[in-house]
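Text of my_file-v2.cif (mmCIF, C-alpha atoms and all ligand atoms) as supplied:
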data_upload
#
loop_
_atom_site.label_atom_id
_atom_site.label_comp_id
_atom_site.auth_asym_id
_atom_site.auth_seq_id
_atom_site.Cartn_x
_atom_site.Cartn_y
_atom_site.Cartn_z
CA MET Q 1213 -1.24 56.23 31.21
CA SER Q 1214 -3.08 59.30 32.52
CA ALA Q 1215 -6.36 60.54 31.00
CA SER Q 1216 -4.78 63.58 29.40
CA PRO Q 1217 -1.28 64.79 28.56
CA ARG Q 1218 -1.79 67.92 30.69
CA LYS Q 1219 1.80 69.18 30.57
CA SER Q 1220 0.55 71.78 28.09
CA ARG Q 1221 -2.39 74.11 27.70
CA TYR Q 1222 -5.06 73.33 25.12
CA GLY Q 1223 -7.40 76.31 25.39
CA ILE Q 1224 -11.21 76.39 25.41
CA ASP Q 1225 -13.21 75.23 22.39
CA ALA Q 1226 -15.53 77.88 20.90
CA PRO Q 1227 -14.79 80.22 23.85
CA TYR Q 1228 -17.75 82.49 23.07
CA VAL Q 1229 -20.13 79.65 24.03
CA PRO Q 1230 -19.19 79.39 27.75
CA LEU Q 1231 -18.92 83.19 27.76
CA LEU Q 1232 -22.55 83.44 26.62
CA MET Q 1233 -23.58 80.84 29.21
CA ALA Q 1234 -21.75 82.76 31.99
CA THR Q 1235 -23.29 86.05 30.87
CA GLY Q 1236 -26.77 84.51 30.92
CA LEU Q 1237 -26.11 83.05 34.37
CA LEU Q 1238 -24.94 86.40 35.75
CA ALA Q 1239 -28.00 88.13 34.24
CA CYS Q 1240 -30.30 85.58 35.92
CA LEU Q 1241 -28.54 86.03 39.27
CA GLY Q 1242 -28.95 89.80 38.86
CA VAL Q 1243 -32.68 89.42 38.20
CA ILE Q 1244 -33.07 87.16 41.27
CA ALA Q 1245 -31.04 89.50 43.53
CA PHE Q 1246 -32.44 92.86 42.44
CA THR Q 1247 -36.04 92.22 41.29
CA PRO Q 1248 -39.06 90.42 42.76
CA LEU Q 1249 -38.82 87.77 39.93
CA LYS Q 1250 -37.48 84.95 42.14
CA GLY Q 1251 -38.69 82.25 39.68
CA TRP Q 1252 -35.53 82.76 37.60
CA TRP Q 1253 -33.53 80.49 39.90
CA LEU Q 1254 -34.45 77.46 37.73
CA THR Q 1255 -33.04 79.11 34.59
CA ALA Q 1256 -29.94 80.10 36.57
CA LEU Q 1257 -29.51 76.51 37.76
CA ILE Q 1258 -29.81 75.12 34.20
CA LEU Q 1259 -27.30 77.68 32.87
CA ALA Q 1260 -24.87 76.89 35.71
CA ALA Q 1261 -25.14 73.15 34.97
CA MET Q 1262 -24.59 73.80 31.23
CA LEU Q 1263 -21.53 75.93 31.99
CA VAL Q 1264 -19.99 73.30 34.28
CA LEU Q 1265 -20.64 70.53 31.72
CA TYR Q 1266 -19.17 72.59 28.88
CA LEU Q 1267 -16.00 73.45 30.81
CA HIS Q 1268 -15.64 69.84 31.94
CA THR Q 1269 -15.92 68.58 28.35
CA THR Q 1270 -13.43 71.05 26.88
CA LEU Q 1271 -10.90 70.88 29.74
CA ARG Q 1272 -11.09 67.19 30.67
CA GLY Q 1273 -13.85 65.09 29.10
CA LYS Q 1274 -12.54 65.14 25.52
CA PHE Q 1275 -9.07 64.08 26.72
CA VAL Q 1276 -10.49 61.13 28.68
CA VAL Q 1277 -12.64 60.02 25.74
CA TRP Q 1278 -9.86 60.33 23.13
CA ARG Q 1279 -7.39 58.54 25.39
CA GLU Q 1280 -9.85 55.62 25.37
CA LEU Q 1281 -10.50 55.85 21.61
CA LEU Q 1282 -6.82 55.98 20.71
CA GLY Q 1283 -5.90 53.38 23.32
CA ALA Q 1284 -8.37 50.97 21.69
CA GLN Q 1285 -6.56 51.14 18.29
CA ALA Q 1286 -4.15 48.35 17.33
CA TRP Q 1287 -0.89 50.34 17.10
CA ARG Q 1288 2.38 49.16 15.52
CA GLY Q 1289 4.16 52.34 16.57
CA ASP Q 1290 5.23 53.52 13.11
CA GLU Q 1291 1.90 54.81 11.79
CA GLN Q 1292 1.34 58.01 9.85
CA VAL Q 1293 -1.54 59.89 11.55
CA LEU Q 1294 -3.40 62.97 10.31
CA ASP Q 1295 -5.55 65.23 12.54
CA LEU Q 1296 -8.02 67.45 10.65
CA GLY Q 1297 -8.50 70.74 12.56
CA CYS Q 1298 -5.90 69.83 15.21
CA GLY Q 1299 -6.05 73.20 17.00
CA ARG Q 1300 -3.65 73.31 19.96
CA GLY Q 1301 -3.05 69.58 19.66
CA ALA Q 1302 -5.35 67.87 22.20
CA VAL Q 1303 -5.83 64.76 20.02
CA LEU Q 1304 -2.81 65.15 17.73
CA LEU Q 1305 -0.23 65.10 20.53
CA MET Q 1306 -2.00 62.25 22.30
CA ALA Q 1307 -1.87 60.22 19.08
CA ALA Q 1308 1.84 61.05 18.79
CA THR Q 1309 2.52 59.27 22.10
CA PHE Q 1310 1.41 55.98 20.46
CA ILE Q 1311 3.79 56.22 17.48
CA PRO Q 1312 7.42 56.61 18.61
CA GLN Q 1313 8.59 55.61 15.09
CA GLY Q 1314 5.71 57.27 13.21
CA ARG Q 1315 4.52 60.75 12.29
CA ALA Q 1316 1.51 62.75 13.54
CA VAL Q 1317 0.53 65.57 11.21
CA GLY Q 1318 -1.96 68.29 12.11
CA VAL Q 1319 -3.67 70.64 9.66
CA ASP Q 1320 -5.59 73.72 10.72
CA ILE Q 1321 -6.53 77.25 9.75
CA TRP Q 1322 -5.89 78.33 13.39
CA SER Q 1323 -9.23 80.04 14.07
CA SER Q 1324 -9.28 81.57 17.57
CA LYS Q 1325 -13.09 81.76 17.35
CA ASP Q 1326 -13.09 77.94 17.29
CA GLN Q 1327 -10.46 77.52 20.03
CA SER Q 1328 -8.93 80.12 22.36
CA GLY Q 1329 -5.27 80.99 21.72
CA ASN Q 1330 -5.22 78.86 18.55
CA ALA Q 1331 -1.92 79.21 16.68
CA MET Q 1332 0.61 76.92 15.03
CA ASP Q 1333 3.49 78.01 17.28
CA VAL Q 1334 1.35 77.38 20.40
CA THR Q 1335 0.69 73.81 19.17
CA MET Q 1336 4.38 73.24 18.45
CA ARG Q 1337 5.28 74.50 21.95
CA ASN Q 1338 2.74 72.02 23.35
CA ALA Q 1339 4.38 69.25 21.29
CA GLU Q 1340 7.75 70.17 22.78
CA ALA Q 1341 6.31 70.23 26.32
CA GLU Q 1342 4.79 66.78 25.75
CA GLY Q 1343 8.10 65.42 24.44
CA VAL Q 1344 6.66 64.42 21.02
CA ALA Q 1345 7.90 67.31 18.82
CA ASP Q 1346 10.30 64.94 16.99
CA ARG Q 1347 7.35 63.11 15.40
CA VAL Q 1348 4.83 65.99 14.98
CA GLY Q 1349 4.31 68.05 11.84
CA LEU Q 1350 1.98 71.04 11.49
CA LYS Q 1351 0.62 72.61 8.36
CA THR Q 1352 -1.66 75.56 7.69
CA ALA Q 1353 -4.25 74.04 5.39
CA ASP Q 1354 -7.97 73.90 4.84
CA MET Q 1355 -9.26 70.38 5.37
CA ARG Q 1356 -11.33 70.73 2.18
CA VAL Q 1357 -8.10 70.75 0.12
CA LEU Q 1358 -5.48 68.60 1.81
CA PRO Q 1359 -1.89 69.01 0.59
CA PHE Q 1360 -1.10 65.29 0.76
CA ALA Q 1361 -0.90 62.46 -1.77
CA ASP Q 1362 -3.58 59.77 -1.98
CA GLY Q 1363 -3.23 56.98 0.59
CA SER Q 1364 -0.69 58.82 2.76
CA PHE Q 1365 -2.08 58.06 6.24
CA ASP Q 1366 -2.81 54.96 8.31
CA LEU Q 1367 -5.21 56.82 10.60
CA VAL Q 1368 -7.13 60.07 10.07
CA VAL Q 1369 -8.74 61.65 13.16
CA SER Q 1370 -10.80 64.78 13.73
CA ASN Q 1371 -12.36 66.17 16.90
CA VAL Q 1372 -15.19 68.75 16.82
CA ALA Q 1373 -13.74 70.45 13.76
CA ILE Q 1374 -15.54 69.52 10.52
CA HIS Q 1375 -18.88 71.04 11.61
CA ASN Q 1376 -17.12 74.43 11.53
CA ILE Q 1377 -17.37 74.30 7.73
CA SER Q 1378 -20.67 76.10 7.25
CA ASP Q 1379 -21.89 74.55 3.99
CA ALA Q 1380 -22.84 70.92 3.36
CA ALA Q 1381 -20.86 70.78 0.09
CA GLY Q 1382 -17.73 71.93 1.94
CA ARG Q 1383 -18.19 69.29 4.64
CA ASP Q 1384 -18.60 66.64 1.92
CA ARG Q 1385 -15.34 67.83 0.37
CA ALA Q 1386 -13.59 67.49 3.77
CA ILE Q 1387 -14.89 63.91 4.11
CA ASP Q 1388 -13.82 63.10 0.53
CA GLU Q 1389 -10.35 64.48 1.25
CA ALA Q 1390 -10.04 62.50 4.50
CA TRP Q 1391 -10.98 59.39 2.55
CA ARG Q 1392 -8.58 60.15 -0.31
CA VAL Q 1393 -5.52 60.54 1.94
CA LEU Q 1394 -6.33 57.39 3.91
CA ARG Q 1395 -4.32 54.34 2.83
CA PRO Q 1396 -6.14 51.13 1.88
CA GLY Q 1397 -6.98 49.34 5.14
CA GLY Q 1398 -6.60 52.63 7.07
CA ARG Q 1399 -9.07 53.95 9.65
CA LEU Q 1400 -10.95 57.20 10.08
CA LEU Q 1401 -12.23 58.47 13.47
CA ILE Q 1402 -14.42 61.58 13.41
CA ALA Q 1403 -15.98 62.97 16.60
CA ASP Q 1404 -18.32 65.91 16.14
CA ILE Q 1405 -21.17 67.76 17.81
CA SER Q 1406 -23.29 67.87 14.67
CA LYS Q 1407 -23.46 66.71 11.03
CA SER Q 1408 -22.29 63.19 11.89
CA ASN Q 1409 -25.14 61.72 9.89
CA GLN Q 1410 -23.93 63.63 6.85
CA TYR Q 1411 -20.42 62.20 7.37
CA ARG Q 1412 -21.86 58.67 7.66
CA LYS Q 1413 -23.83 59.07 4.42
CA ARG Q 1414 -20.88 60.52 2.53
CA LEU Q 1415 -18.58 57.73 3.69
CA ALA Q 1416 -21.18 55.14 2.73
CA ALA Q 1417 -20.90 56.46 -0.84
CA HIS Q 1418 -17.17 55.60 -0.67
CA ASP Q 1419 -17.77 51.93 0.06
CA ALA Q 1420 -16.59 52.39 3.66
CA LYS Q 1421 -17.30 50.05 6.55
CA ILE Q 1422 -18.91 52.54 8.95
CA GLU Q 1423 -20.06 52.76 12.58
CA ARG Q 1424 -21.72 55.71 14.31
CA ARG Q 1425 -22.30 56.04 18.06
CA ALA Q 1426 -22.67 58.59 20.86
CA LEU Q 1427 -19.58 59.32 22.96
CA GLY Q 1428 -21.47 59.82 26.25
CA TRP Q 1429 -21.80 62.52 28.89
CA ARG Q 1430 -18.09 63.38 29.02
CA MET Q 1431 -18.54 64.88 25.55
CA TRP Q 1432 -21.83 66.70 26.20
CA TRP Q 1433 -21.18 70.33 25.24
CA GLY Q 1434 -23.56 71.83 27.80
CA GLY Q 1435 -26.07 68.99 28.12
CA PRO Q 1436 -27.59 65.89 26.52
CA TRP Q 1437 -28.97 68.10 23.73
CA MET Q 1438 -25.37 68.83 22.65
CA PRO Q 1439 -23.81 65.34 22.47
CA THR Q 1440 -20.77 64.32 20.43
CA MET Q 1441 -21.14 61.47 17.96
CA LEU Q 1442 -18.28 59.30 16.74
CA VAL Q 1443 -18.16 58.12 13.13
CA THR Q 1444 -15.57 55.43 12.41
CA ALA Q 1445 -14.80 54.05 8.97
CA GLN Q 1446 -12.31 51.61 7.51
CA LYS Q 1447 -11.04 51.73 3.95
CA PRO Q 1448 -11.15 48.36 2.21
CA PRO Q 1449 -7.63 46.89 1.91
CA HIS Q 1450 -5.93 46.39 -1.45
CA VAL Q 1451 -3.11 43.95 -2.08
CA GLY Q 1452 0.28 45.58 -2.62
CA ALA Q 1453 -0.74 49.03 -1.36
CA ARG Q 1454 2.19 51.42 -0.86
CA ARG Q 1455 2.84 53.10 2.52
CA PRO Q 1456 4.42 56.48 1.71
CA THR Q 1457 6.42 58.53 4.20
CA ILE Q 1458 5.07 62.00 5.03
CA GLU Q 1459 7.43 64.99 4.97
CA VAL Q 1460 5.84 67.88 6.88
CA GLY Q 1461 7.29 70.55 9.15
C1 LIG Q 1501 -13.24 73.29 18.34
S1 LIG Q 1501 -11.63 73.35 17.65
C2 LIG Q 1501 -11.05 71.70 18.00
C3 LIG Q 1501 -9.55 71.59 17.92
C4 LIG Q 1501 -9.00 70.20 18.24
N1 LIG Q 1501 -9.48 69.22 17.30
C5 LIG Q 1501 -9.33 69.80 19.65
O1 LIG Q 1501 -10.08 68.86 19.85
O2 LIG Q 1501 -8.82 70.45 20.57
C6 LIG Q 1501 -11.96 73.26 15.88
C7 LIG Q 1501 -10.71 73.43 15.04
O3 LIG Q 1501 -11.04 73.29 13.66
C8 LIG Q 1501 -10.28 74.24 12.92
N2 LIG Q 1501 -10.92 74.44 11.62
C9 LIG Q 1501 -12.12 75.02 11.36
N3 LIG Q 1501 -12.38 75.00 10.04
C10 LIG Q 1501 -11.32 74.41 9.44
C11 LIG Q 1501 -10.97 74.12 8.08
N4 LIG Q 1501 -11.80 74.42 7.07
N5 LIG Q 1501 -9.81 73.49 7.83
C12 LIG Q 1501 -8.95 73.18 8.84
N6 LIG Q 1501 -9.21 73.45 10.15
C13 LIG Q 1501 -10.38 74.05 10.45
C14 LIG Q 1501 -10.28 75.46 13.82
O4 LIG Q 1501 -9.28 76.39 13.49
C15 LIG Q 1501 -10.06 74.80 15.19
O5 LIG Q 1501 -8.70 74.63 15.48
#
Kindly present the structure from the file in structure tokens form.
Ligand SMILES: C[S@@+](CC[C@H](N)C(=O)[O-])C[C@H]1O[C@@H](n2cnc3c(N)ncnc32)[C@H](O)[C@@H]1O
Amino acid sequence: MSASPRKSRYGIDAPYVPLLMATGLLACLGVIAFTPLKGWWLTALILAAMLVLYLHTTLRGKFVVWRELLGAQAWRGDEQVLDLGCGRGAVLLMAATFIPQGRAVGVDIWSSKDQSGNAMDVTMRNAEAEGVADRVGLKTADMRVLPFADGSFDLVVSNVAIHNISDAAGRDRAIDEAWRVLRPGGRLLIADISKSNQYRKRLAAHDAKIERRALGWRMWWGGPWMPTMLVTAQKPPHVGARRPTIEVG
């Protein structure tokens, strides 16, 4: 299977960031070209490298990494999957390819500051282009208050989304909600550029089996100082747990 389902367009994450990098780069090139301050070439080189890394991560790296992460899961094919802050569907629609008899549900508030062209209908068009619309559901919802019953999902995923909640209490609520909607024995995969230690601590309070690790250069958002960490957790299984069916969209 290819590294990314690139039949659709997934936008640029936090588009103002590469815009700022490009503006800084152009300013440096202007200084070098039109003033005697030739020493600025080093800054220009660093900004150019950051810009290339950022664009690589958002356009390709995250797809390669999530293809590996999802490919490493033990799928039955009928799982219920939830993506917190699914945006245009980069991870959600990839997960949907693993569950021909299951359901992949994405929740988002569709912020175009956090992802260019972010909108529910854009994500649904992507799902249609990828041939997975029959098993994808989308809902406008804040991940701090999820509109799902306890234990509804086999797998909850989230990619560079939870850090967008500005306050620590709000991020804790998002983690608590992710944990609540996870079924006993279910798994949680959270990749984020910051706050991963907070997620680990909060999950530890829930009696989760947790791992935390760096996802490597393909998820460096501009350099090694902006890495993405992965937090995985498993909910302890309970005998006789129910597996409800999700009705969304
Ligand atoms: C950087 S984008 C990543 C989108 C997607 N996960 C991906 O990897 O392409 C972050 C997403 O989180 C969403 N988001 C931010 N705060 C949210 C909240 N409180 N509840 C739900 N979604 C949120 C944004 O609208 C945006 O779609």
Could you report the residues within 6 Å of ligand LIG 1501 (chain Q), using all atoms listed in the file, as a list in words?
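Final answer, ordered by chain and number: Asp1225, Ala1226, Gly1297, Cys1298, Gly1299, Arg1300, Gly1301, Ala1302, Val1303, Val1319, Asp1320, Ile1321, Trp1322, Ser1323, Asp1326, Gln1327, Ala1353, Asp1354, Met1355, Ser1370, Asn1371, Val1372, Ala1373, Asn1376 and Ile1377 of chain Q.
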Within 9 Å of Lys1447 of chain Q, counting all atoms listed in the file, which residues show up once you throw out same-chain ones fewer than 3 positions away? Write them as a ChimeraX atom specification, please.
/Q:1391,1394-1400,1418-1421
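In this comparison, which uses only C-alpha atoms, the residue of Q:Leu1304, Q:Asp1295, Q:Ser1364, Q:Tyr1266 approaching Met1438 of chain Q most closely is Q:Tyr1266.
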Nearest-residue call for Arg1412 of chain Q, choices Q:Ala1390, Q:Leu1367, Q:Val1443, Q:Ala1260, using all atoms listed in the file:
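The answer is Q:Val1443, which sits nearest to Arg1412 of chain Q.
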Residue nearest Gly1363 of chain Q among Q:Lys1325, Q:His1450, Q:Arg1347, Q:Arg1425 (counting only C-alpha atoms)
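Answer, going by the shortest atom-to-atom distance: Q:His1450.
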Rows by chain and residue number, segment 1257-1338 of chain Q within 10 Å of segment 1401-1405 of chain Q, shortest pair, all atoms listed in the file, as JSON lines:
{"residue": "Q:Lys1274", "atom": "CA", "partner": "Q:Ala1403", "partner_atom": "CA", "distance": 9.8}
{"residue": "Q:Trp1278", "atom": "CA", "partner": "Q:Ala1403", "partner_atom": "CA", "distance": 9.3}
{"residue": "Q:Leu1281", "atom": "CA", "partner": "Q:Leu1401", "partner_atom": "CA", "distance": 8.7}
{"residue": "Q:Leu1282", "atom": "CA", "partner": "Q:Leu1401", "partner_atom": "CA", "distance": 9.4}
{"residue": "Q:Asp1295", "atom": "CA", "partner": "Q:Leu1401", "partner_atom": "CA", "distance": 9.5}
{"residue": "Q:Leu1296", "atom": "CA", "partner": "Q:Ile1402", "partner_atom": "CA", "distance": 9.1}
Would you put the residues from that selection into a file with C-alpha atoms, as a CSV table (one decimal), in the coordinates of the input?
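The result, stored in result.csv:
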chain,number,residue,atom,x,y,z
Q,1274,LYS,CA,-12.5,65.1,25.5
Q,1278,TRP,CA,-9.9,60.3,23.1
Q,1281,LEU,CA,-10.5,55.8,21.6
Q,1282,LEU,CA,-6.8,56.0,20.7
Q,1295,ASP,CA,-5.6,65.2,12.5
Q,1296,LEU,CA,-8.0,67.4,10.6
Could you check the closest approach to Leu1305 of chain Q for each of Q:Ser1378, Q:Val1277, Q:Ser1220, Q:Asn1330 and tell me which residue wins, using all atoms listed in the file?
Q:Ser1220
Which one is closest to His1268 of chain Q: Q:Pro1248, Q:Gly1314, Q:Gly1435, Q:Gly1289? Count all atoms listed in the file.
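The shortest atom-to-atom distance to His1268 of chain Q comes from Q:Gly1435.
Using all atoms listed in the file, the smallest distance between any of Q:Leu1232, Q:Ala1339, Q:Val1357, Q:Val1317 and Ala1386 of chain Q comes from Q:Val1357.
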To one decimal place, how far is atom CA of Trp1287 of chain Q from atom CA of Glu1340 of chain Q in Å?
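Here the two named atoms are 22.4 Å from each other.
Interatomic distance, atom CA of Thr1235 of chain Q to atom CA of Leu1259 of chain Q: 9.5 Å.
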Produce the centre coordinates and the three edge lengths, each in Å to one decimal, of the box along x, y and z that contains all listed atoms of segment 1270-1287 of chain Q with 6 Å added on each side, as JSON.
{"center_x": -7.4, "center_y": 59.7, "center_z": 23.9, "size_x": 25.0, "size_y": 34.7, "size_z": 25.6}
